[in-house]
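The file structure-v3.cif contains mmCIF, N, CA and C atoms:
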```
data_data
#
loop_
_atom_site.label_atom_id
_atom_site.label_comp_id
_atom_site.auth_asym_id
_atom_site.auth_seq_id
_atom_site.Cartn_x
_atom_site.Cartn_y
_atom_site.Cartn_z
N MET A 747 -59.22 10.76 -5.21
CA MET A 747 -59.50 11.86 -6.11
C MET A 747 -59.04 11.48 -7.51
N ALA A 748 -59.85 11.83 -8.50
CA ALA A 748 -59.53 11.47 -9.88
C ALA A 748 -58.38 12.30 -10.41
N LYS A 749 -57.71 11.75 -11.40
CA LYS A 749 -56.60 12.47 -12.02
C LYS A 749 -57.15 13.64 -12.83
N ARG A 750 -56.38 14.70 -12.84
CA ARG A 750 -56.78 15.84 -13.65
C ARG A 750 -56.32 15.63 -15.08
N THR A 751 -57.11 16.11 -15.99
CA THR A 751 -56.70 16.03 -17.40
C THR A 751 -55.67 17.12 -17.68
N ALA A 752 -55.00 16.99 -18.81
CA ALA A 752 -53.99 17.97 -19.19
C ALA A 752 -54.61 19.35 -19.38
N SER A 753 -55.79 19.40 -19.98
CA SER A 753 -56.43 20.69 -20.21
C SER A 753 -56.85 21.35 -18.89
N ALA A 754 -57.29 20.53 -17.91
CA ALA A 754 -57.67 21.08 -16.61
C ALA A 754 -56.46 21.64 -15.89
N LYS A 755 -55.31 20.96 -16.01
CA LYS A 755 -54.08 21.46 -15.40
C LYS A 755 -53.67 22.78 -16.04
N LYS A 756 -53.79 22.85 -17.35
CA LYS A 756 -53.41 24.08 -18.07
C LYS A 756 -54.33 25.23 -17.66
N GLN A 757 -55.61 24.95 -17.54
CA GLN A 757 -56.55 25.99 -17.14
C GLN A 757 -56.29 26.47 -15.71
N ALA A 758 -55.85 25.55 -14.84
CA ALA A 758 -55.51 25.93 -13.47
C ALA A 758 -54.31 26.87 -13.46
N ARG A 759 -53.31 26.57 -14.30
CA ARG A 759 -52.14 27.45 -14.39
C ARG A 759 -52.53 28.81 -14.95
N ALA A 760 -53.38 28.81 -15.96
CA ALA A 760 -53.81 30.07 -16.57
C ALA A 760 -54.63 30.89 -15.57
N GLY A 761 -55.42 30.21 -14.77
CA GLY A 761 -56.23 30.89 -13.76
C GLY A 761 -55.37 31.60 -12.73
N VAL A 762 -54.26 30.98 -12.36
CA VAL A 762 -53.34 31.61 -11.41
C VAL A 762 -52.74 32.87 -12.03
N ARG A 763 -52.35 32.79 -13.31
CA ARG A 763 -51.78 33.96 -13.99
C ARG A 763 -52.81 35.09 -14.09
N ARG A 764 -54.05 34.74 -14.44
CA ARG A 764 -55.10 35.76 -14.55
C ARG A 764 -55.37 36.41 -13.21
N ALA A 765 -55.39 35.60 -12.14
CA ALA A 765 -55.66 36.14 -10.82
C ALA A 765 -54.58 37.13 -10.41
N MET A 766 -53.31 36.82 -10.72
CA MET A 766 -52.23 37.73 -10.38
C MET A 766 -52.36 39.04 -11.16
N ARG A 767 -52.66 38.94 -12.44
CA ARG A 767 -52.80 40.14 -13.27
C ARG A 767 -53.98 40.98 -12.80
N ASN A 768 -55.12 40.34 -12.53
CA ASN A 768 -56.30 41.06 -12.07
C ASN A 768 -56.04 41.75 -10.74
N ARG A 769 -55.32 41.06 -9.86
CA ARG A 769 -55.01 41.64 -8.55
C ARG A 769 -54.17 42.90 -8.73
N ALA A 770 -53.19 42.85 -9.63
CA ALA A 770 -52.33 44.01 -9.88
C ALA A 770 -53.13 45.18 -10.45
N VAL A 771 -54.03 44.88 -11.39
CA VAL A 771 -54.84 45.93 -12.01
C VAL A 771 -55.77 46.56 -10.98
N ARG A 772 -56.42 45.73 -10.18
CA ARG A 772 -57.34 46.25 -9.16
C ARG A 772 -56.60 47.08 -8.13
N SER A 773 -55.40 46.65 -7.77
CA SER A 773 -54.61 47.40 -6.81
C SER A 773 -54.24 48.78 -7.36
N GLU A 774 -53.85 48.82 -8.63
CA GLU A 774 -53.50 50.09 -9.26
C GLU A 774 -54.71 51.02 -9.29
N VAL A 775 -55.87 50.47 -9.63
CA VAL A 775 -57.09 51.27 -9.69
C VAL A 775 -57.43 51.83 -8.32
N LYS A 776 -57.36 50.99 -7.30
CA LYS A 776 -57.67 51.45 -5.95
C LYS A 776 -56.75 52.57 -5.52
N THR A 777 -55.45 52.43 -5.84
CA THR A 777 -54.48 53.45 -5.48
C THR A 777 -54.83 54.78 -6.14
N LYS A 778 -55.15 54.73 -7.43
CA LYS A 778 -55.46 55.97 -8.16
C LYS A 778 -56.75 56.60 -7.67
N VAL A 779 -57.75 55.79 -7.34
CA VAL A 779 -59.02 56.33 -6.86
C VAL A 779 -58.83 56.98 -5.50
N VAL A 780 -58.08 56.34 -4.62
CA VAL A 780 -57.84 56.91 -3.29
C VAL A 780 -57.07 58.22 -3.42
N LYS A 781 -56.07 58.23 -4.29
CA LYS A 781 -55.28 59.44 -4.51
C LYS A 781 -56.17 60.57 -5.03
N ALA A 782 -57.07 60.25 -5.95
CA ALA A 782 -57.98 61.26 -6.49
C ALA A 782 -58.92 61.78 -5.41
N ARG A 783 -59.44 60.88 -4.59
CA ARG A 783 -60.36 61.32 -3.52
C ARG A 783 -59.66 62.24 -2.54
N ARG A 784 -58.41 61.90 -2.20
CA ARG A 784 -57.67 62.75 -1.26
C ARG A 784 -57.44 64.14 -1.82
N THR A 785 -57.13 64.22 -3.11
CA THR A 785 -56.91 65.54 -3.70
C THR A 785 -58.22 66.31 -3.80
N LEU A 786 -59.34 65.62 -4.03
CA LEU A 786 -60.62 66.30 -4.14
C LEU A 786 -61.15 66.76 -2.79
N VAL A 787 -60.80 66.05 -1.74
CA VAL A 787 -61.27 66.42 -0.41
C VAL A 787 -60.59 67.69 0.07
N GLY A 788 -59.37 67.91 -0.36
CA GLY A 788 -58.73 69.16 0.06
C GLY A 788 -57.24 69.03 0.29
N GLY A 789 -56.60 68.21 -0.48
CA GLY A 789 -55.16 68.11 -0.37
C GLY A 789 -54.49 69.34 -0.95
N PRO A 790 -53.22 69.54 -0.65
CA PRO A 790 -52.50 70.73 -1.14
C PRO A 790 -52.10 70.57 -2.61
N VAL A 791 -53.08 70.64 -3.50
CA VAL A 791 -52.83 70.43 -4.93
C VAL A 791 -53.58 71.50 -5.72
N ALA A 792 -53.00 71.93 -6.84
CA ALA A 792 -53.64 72.93 -7.70
C ALA A 792 -54.90 72.34 -8.33
N GLU A 793 -55.83 73.22 -8.72
CA GLU A 793 -57.10 72.74 -9.28
C GLU A 793 -56.91 71.96 -10.57
N SER A 794 -55.99 72.41 -11.41
CA SER A 794 -55.77 71.68 -12.66
C SER A 794 -55.20 70.30 -12.38
N GLU A 795 -54.37 70.20 -11.36
CA GLU A 795 -53.82 68.90 -10.95
C GLU A 795 -54.93 67.99 -10.44
N ARG A 796 -55.85 68.56 -9.69
CA ARG A 796 -56.97 67.75 -9.15
C ARG A 796 -57.76 67.12 -10.29
N TYR A 797 -58.04 67.93 -11.29
CA TYR A 797 -58.81 67.42 -12.43
C TYR A 797 -58.01 66.32 -13.14
N ALA A 798 -56.73 66.55 -13.34
CA ALA A 798 -55.89 65.57 -14.05
C ALA A 798 -55.81 64.25 -13.29
N ILE A 799 -55.67 64.33 -11.98
CA ILE A 799 -55.57 63.11 -11.16
C ILE A 799 -56.90 62.36 -11.18
N ALA A 800 -58.01 63.08 -11.10
CA ALA A 800 -59.32 62.44 -11.15
C ALA A 800 -59.55 61.80 -12.52
N LEU A 801 -59.14 62.48 -13.58
CA LEU A 801 -59.29 61.95 -14.92
C LEU A 801 -58.46 60.68 -15.09
N GLU A 802 -57.28 60.67 -14.52
CA GLU A 802 -56.41 59.48 -14.59
C GLU A 802 -57.07 58.29 -13.88
N ALA A 803 -57.69 58.56 -12.73
CA ALA A 803 -58.37 57.49 -12.00
C ALA A 803 -59.56 56.95 -12.80
N ILE A 804 -60.29 57.85 -13.44
CA ILE A 804 -61.45 57.42 -14.25
C ILE A 804 -60.99 56.58 -15.43
N GLN A 805 -59.89 56.98 -16.06
CA GLN A 805 -59.36 56.21 -17.18
C GLN A 805 -58.89 54.83 -16.72
N ALA A 806 -58.28 54.76 -15.53
CA ALA A 806 -57.84 53.47 -15.00
C ALA A 806 -59.05 52.57 -14.74
N LEU A 807 -60.13 53.14 -14.24
CA LEU A 807 -61.36 52.36 -14.02
C LEU A 807 -61.91 51.83 -15.35
N ASP A 808 -61.89 52.66 -16.37
CA ASP A 808 -62.37 52.22 -17.68
C ASP A 808 -61.53 51.07 -18.22
N ARG A 809 -60.20 51.19 -18.08
CA ARG A 809 -59.31 50.13 -18.58
C ARG A 809 -59.56 48.83 -17.84
N ALA A 810 -59.70 48.91 -16.52
CA ALA A 810 -59.92 47.70 -15.72
C ALA A 810 -61.24 47.04 -16.09
N ALA A 811 -62.27 47.85 -16.35
CA ALA A 811 -63.57 47.29 -16.73
C ALA A 811 -63.49 46.66 -18.12
N SER A 812 -62.75 47.27 -19.03
CA SER A 812 -62.67 46.71 -20.38
C SER A 812 -61.87 45.42 -20.39
N LYS A 813 -60.90 45.28 -19.50
CA LYS A 813 -60.11 44.05 -19.42
C LYS A 813 -60.87 42.95 -18.68
N GLY A 814 -61.86 43.35 -17.91
CA GLY A 814 -62.61 42.36 -17.15
C GLY A 814 -62.09 42.17 -15.74
N SER A 815 -61.13 42.98 -15.33
CA SER A 815 -60.61 42.88 -13.96
C SER A 815 -61.63 43.40 -12.96
N LEU A 816 -62.41 44.39 -13.38
CA LEU A 816 -63.49 44.93 -12.56
C LEU A 816 -64.79 44.76 -13.33
N HIS A 817 -65.86 44.56 -12.63
CA HIS A 817 -67.16 44.50 -13.29
C HIS A 817 -67.51 45.90 -13.78
N LYS A 818 -68.19 45.98 -14.92
CA LYS A 818 -68.46 47.29 -15.52
C LYS A 818 -69.35 48.14 -14.63
N ASN A 819 -70.27 47.54 -13.90
CA ASN A 819 -71.13 48.32 -13.00
C ASN A 819 -70.33 48.84 -11.80
N ASN A 820 -69.38 48.05 -11.32
CA ASN A 820 -68.53 48.46 -10.23
C ASN A 820 -67.71 49.68 -10.66
N ALA A 821 -67.11 49.60 -11.84
CA ALA A 821 -66.32 50.72 -12.35
C ALA A 821 -67.20 51.95 -12.57
N GLY A 822 -68.39 51.73 -13.10
CA GLY A 822 -69.32 52.84 -13.32
C GLY A 822 -69.73 53.52 -12.03
N ARG A 823 -69.96 52.73 -11.00
CA ARG A 823 -70.34 53.30 -9.70
C ARG A 823 -69.22 54.15 -9.14
N ARG A 824 -67.98 53.65 -9.23
CA ARG A 824 -66.84 54.40 -8.71
C ARG A 824 -66.61 55.67 -9.50
N LYS A 825 -66.78 55.59 -10.82
CA LYS A 825 -66.62 56.77 -11.67
C LYS A 825 -67.67 57.83 -11.32
N ALA A 826 -68.89 57.38 -11.07
CA ALA A 826 -69.97 58.30 -10.73
C ALA A 826 -69.68 59.01 -9.41
N ARG A 827 -69.13 58.29 -8.47
CA ARG A 827 -68.81 58.90 -7.18
C ARG A 827 -67.70 59.95 -7.33
N LEU A 828 -66.69 59.63 -8.14
CA LEU A 828 -65.62 60.61 -8.39
C LEU A 828 -66.18 61.84 -9.11
N ALA A 829 -67.03 61.61 -10.09
CA ALA A 829 -67.61 62.71 -10.85
C ALA A 829 -68.46 63.60 -9.95
N LYS A 830 -69.16 62.97 -9.01
CA LYS A 830 -69.98 63.73 -8.07
C LYS A 830 -69.12 64.62 -7.19
N GLN A 831 -67.98 64.09 -6.75
CA GLN A 831 -67.06 64.91 -5.95
C GLN A 831 -66.48 66.04 -6.79
N LEU A 832 -66.17 65.76 -8.05
CA LEU A 832 -65.65 66.81 -8.93
C LEU A 832 -66.68 67.92 -9.12
N SER A 833 -67.93 67.54 -9.30
CA SER A 833 -68.96 68.54 -9.54
C SER A 833 -69.23 69.38 -8.29
N LYS A 834 -69.06 68.81 -7.11
CA LYS A 834 -69.23 69.58 -5.88
C LYS A 834 -68.20 70.69 -5.79
N LEU A 835 -66.99 70.41 -6.27
CA LEU A 835 -65.94 71.41 -6.22
C LEU A 835 -66.00 72.35 -7.42
N ALA A 836 -66.85 72.03 -8.38
CA ALA A 836 -67.01 72.83 -9.60
C ALA A 836 -65.68 73.02 -10.30
N ILE A 837 -64.92 71.95 -10.42
CA ILE A 837 -63.64 72.00 -11.13
C ILE A 837 -63.92 71.79 -12.60
N THR A 838 -63.42 72.69 -13.41
CA THR A 838 -63.57 72.55 -14.85
C THR A 838 -62.20 72.38 -15.47
N PRO A 839 -62.11 71.63 -16.54
CA PRO A 839 -60.82 71.43 -17.19
C PRO A 839 -60.35 72.69 -17.89
N ALA A 840 -59.06 72.79 -18.09
CA ALA A 840 -58.50 73.91 -18.84
C ALA A 840 -58.95 73.80 -20.29
N ALA A 841 -58.80 74.88 -21.05
CA ALA A 841 -59.29 74.91 -22.43
C ALA A 841 -58.64 73.85 -23.29
N GLY A 842 -57.36 73.58 -23.10
CA GLY A 842 -56.66 72.62 -23.94
C GLY A 842 -56.66 71.20 -23.39
N ALA A 843 -57.24 71.00 -22.23
CA ALA A 843 -57.20 69.68 -21.59
C ALA A 843 -58.10 68.70 -22.33
N PRO A 844 -57.73 67.41 -22.35
CA PRO A 844 -58.61 66.44 -22.99
C PRO A 844 -59.89 66.31 -22.21
N GLY A 845 -60.98 66.19 -22.93
CA GLY A 845 -62.28 66.07 -22.28
C GLY A 845 -62.94 67.41 -22.05
N ALA A 846 -62.26 68.51 -22.42
CA ALA A 846 -62.84 69.83 -22.24
C ALA A 846 -63.94 70.02 -23.26
N LYS A 847 -65.08 70.54 -22.80
CA LYS A 847 -66.20 70.75 -23.71
C LYS A 847 -66.10 72.17 -24.26
N GLY A 848 -66.13 72.27 -25.55
CA GLY A 848 -66.10 73.58 -26.19
C GLY A 848 -67.30 73.72 -27.09
N LYS A 849 -67.48 74.93 -27.61
CA LYS A 849 -68.61 75.15 -28.52
C LYS A 849 -68.26 74.58 -29.88
N LYS A 850 -69.23 73.96 -30.47
CA LYS A 850 -69.03 73.38 -31.80
C LYS A 850 -69.51 74.37 -32.85
N ALA A 851 -68.89 74.32 -34.01
CA ALA A 851 -69.30 75.18 -35.11
C ALA A 851 -70.64 74.67 -35.64
N PRO A 852 -71.50 75.57 -36.08
CA PRO A 852 -72.80 75.12 -36.60
C PRO A 852 -72.61 74.34 -37.89
N ALA A 853 -72.81 73.05 -37.82
CA ALA A 853 -72.60 72.18 -38.97
C ALA A 853 -73.87 72.03 -39.80
N ALA A 854 -75.02 72.42 -39.26
CA ALA A 854 -76.28 72.22 -39.97
C ALA A 854 -76.33 73.05 -41.24
N THR A 855 -75.82 74.27 -41.21
CA THR A 855 -75.88 75.11 -42.40
C THR A 855 -74.94 74.59 -43.47
N ALA A 856 -73.82 74.04 -43.08
CA ALA A 856 -72.87 73.52 -44.06
C ALA A 856 -73.42 72.27 -44.75
N LYS A 857 -74.19 71.49 -44.04
CA LYS A 857 -74.74 70.26 -44.62
C LYS A 857 -75.97 70.56 -45.48
N ALA A 858 -76.74 71.58 -45.12
CA ALA A 858 -77.99 71.85 -45.82
C ALA A 858 -77.74 72.43 -47.20
N ALA A 859 -76.69 73.20 -47.37
CA ALA A 859 -76.44 73.87 -48.65
C ALA A 859 -76.24 72.88 -49.80
N PRO A 860 -75.39 71.86 -49.69
CA PRO A 860 -75.24 70.94 -50.81
C PRO A 860 -76.52 70.16 -51.12
N ARG A 861 -77.29 69.86 -50.11
CA ARG A 861 -78.53 69.11 -50.34
C ARG A 861 -79.52 69.96 -51.14
N ALA A 862 -79.64 71.23 -50.76
CA ALA A 862 -80.58 72.11 -51.44
C ALA A 862 -80.16 72.29 -52.89
N ALA A 863 -78.88 72.42 -53.13
CA ALA A 863 -78.39 72.60 -54.50
C ALA A 863 -78.67 71.35 -55.33
N ALA A 864 -78.51 70.21 -54.76
CA ALA A 864 -78.72 68.97 -55.50
C ALA A 864 -80.20 68.70 -55.75
N LYS A 865 -81.06 69.11 -54.82
CA LYS A 865 -82.50 68.84 -54.96
C LYS A 865 -83.16 69.72 -56.01
N GLY A 866 -83.02 71.01 -55.87
CA GLY A 866 -83.83 71.93 -56.66
C GLY A 866 -83.25 72.27 -58.02
N SER A 867 -82.00 72.15 -58.20
CA SER A 867 -81.38 72.62 -59.42
C SER A 867 -81.33 71.51 -60.47
N THR A 868 -81.97 71.75 -61.62
CA THR A 868 -81.91 70.79 -62.73
C THR A 868 -80.93 71.25 -63.78
N LYS A 869 -80.50 72.51 -63.69
CA LYS A 869 -79.57 73.05 -64.68
C LYS A 869 -78.19 72.42 -64.57
N THR A 870 -77.79 72.02 -63.36
CA THR A 870 -76.47 71.45 -63.19
C THR A 870 -76.41 69.98 -63.56
N ALA A 871 -77.57 69.39 -63.80
CA ALA A 871 -77.61 67.97 -64.16
C ALA A 871 -77.04 67.78 -65.57
N ALA A 872 -76.53 66.60 -65.84
CA ALA A 872 -75.95 66.32 -67.16
C ALA A 872 -77.04 66.28 -68.22
N PRO A 873 -76.74 66.79 -69.41
CA PRO A 873 -77.77 66.78 -70.46
C PRO A 873 -78.08 65.35 -70.92
N ALA A 874 -79.29 65.16 -71.37
CA ALA A 874 -79.72 63.84 -71.83
C ALA A 874 -79.00 63.47 -73.13
N LYS A 875 -78.72 62.21 -73.31
CA LYS A 875 -78.04 61.73 -74.51
C LYS A 875 -79.02 61.65 -75.67
N LYS A 876 -78.50 61.95 -76.84
CA LYS A 876 -79.33 61.84 -78.05
C LYS A 876 -79.21 60.46 -78.62
N LYS A 877 -80.28 59.97 -79.24
CA LYS A 877 -80.26 58.64 -79.84
C LYS A 877 -79.83 58.66 -81.25
#
```

Take the structure in the file and write it out as structure tokens.
Amino acid sequence: MAKRTASAKKQARAGVRRAMRNRAVRSEVKTKVVKARRTLVGGPVAESERYAIALEAIQALDRAASKGSLHKNNAGRRKARLAKQLSKLAITPAAGAPGAKGKKAPAATAKAAPRAAAKGSTKTAAPAKKK
């Protein structure tokens, strides 16, 4: 067998470190997903807790996918399954919880007013300079 180059040896060491880190991240994600599924199936947990635990699992999946520990489609599939279970239970977040959807203020009227004033009004424009 041929001798390994210094760069190949370094890459082998780095690969071992990456594998350990990825294994730890995947293990954490699996634990959180299983915990979320158990609470959604009917564990003795309050509804707000169920939502929080599921949200934590989804965030862990996103982090793992962004780091490359999990493939993005794998994380997306798991997130979709959790979301489907959440929707079956019709759990909604509390008003102050992150990710809660609220009504937005109508921004269209606020944006249209300055545009209309700038378009039609010539009186507010600066007077022409005299030569």

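Here atom N of Leu828 (chain A) is placed at a distance of 9.4 Å from CA of Ala803 (chain A).
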
* Suppose you want the space between CA of Lys755 (chain A) and atom C of Ser815 (chain A); what is it in Å? -> 23.3 Å

* Residues around (-58.1, 59.1, -10.3), cut-off 8 Å, counting only C-alpha atoms - what are they as a VMD selection string? -> chain A and resid 775 778 to 783 798 to 806 828

* Can you work out the spacing between CA of Arg827 (chain A) and atom N of Gly789 (chain A) in Å, to one decimal? => 16.8 Å

* Residues near Leu807 (chain A), cut-off 8 Å, all atoms listed in the file, skip fewer than 4 positions along chain, as a PyMOL selection string -> chain A and resi 774-776+779+801-803+811-813+816+818+820-822+824-825

Next, the residues of the selection above should be written as a compact mmCIF listing (two decimals), in the coordinates of the input with N, CA and C atoms.
```txt
# COMPACT_ATOMS: atom_id res chain seq x y z
N GLU A 774 -53.85 48.82 -8.63
CA GLU A 774 -53.50 50.09 -9.26
C GLU A 774 -54.71 51.02 -9.29
N VAL A 775 -55.87 50.47 -9.63
CA VAL A 775 -57.09 51.27 -9.69
C VAL A 775 -57.43 51.83 -8.32
N LYS A 776 -57.36 50.99 -7.30
CA LYS A 776 -57.67 51.45 -5.95
C LYS A 776 -56.75 52.57 -5.52
N VAL A 779 -57.75 55.79 -7.34
CA VAL A 779 -59.02 56.33 -6.86
C VAL A 779 -58.83 56.98 -5.50
N LEU A 801 -59.14 62.48 -13.58
CA LEU A 801 -59.29 61.95 -14.92
C LEU A 801 -58.46 60.68 -15.09
N GLU A 802 -57.28 60.67 -14.52
CA GLU A 802 -56.41 59.48 -14.59
C GLU A 802 -57.07 58.29 -13.88
N ALA A 803 -57.69 58.56 -12.73
CA ALA A 803 -58.37 57.49 -12.00
C ALA A 803 -59.56 56.95 -12.80
N ALA A 811 -62.27 47.85 -16.35
CA ALA A 811 -63.57 47.29 -16.73
C ALA A 811 -63.49 46.66 -18.12
N SER A 812 -62.75 47.27 -19.03
CA SER A 812 -62.67 46.71 -20.38
C SER A 812 -61.87 45.42 -20.39
N LYS A 813 -60.90 45.28 -19.50
CA LYS A 813 -60.11 44.05 -19.42
C LYS A 813 -60.87 42.95 -18.68
N LEU A 816 -62.41 44.39 -13.38
CA LEU A 816 -63.49 44.93 -12.56
C LEU A 816 -64.79 44.76 -13.33
N LYS A 818 -68.19 45.98 -14.92
CA LYS A 818 -68.46 47.29 -15.52
C LYS A 818 -69.35 48.14 -14.63
N ASN A 820 -69.38 48.05 -11.32
CA ASN A 820 -68.53 48.46 -10.23
C ASN A 820 -67.71 49.68 -10.66
N ALA A 821 -67.11 49.60 -11.84
CA ALA A 821 -66.32 50.72 -12.35
C ALA A 821 -67.20 51.95 -12.57
N GLY A 822 -68.39 51.73 -13.10
CA GLY A 822 -69.32 52.84 -13.32
C GLY A 822 -69.73 53.52 -12.03
N ARG A 824 -67.98 53.65 -9.23
CA ARG A 824 -66.84 54.40 -8.71
C ARG A 824 -66.61 55.67 -9.50
N LYS A 825 -66.78 55.59 -10.82
CA LYS A 825 -66.62 56.77 -11.67
C LYS A 825 -67.67 57.83 -11.32
```
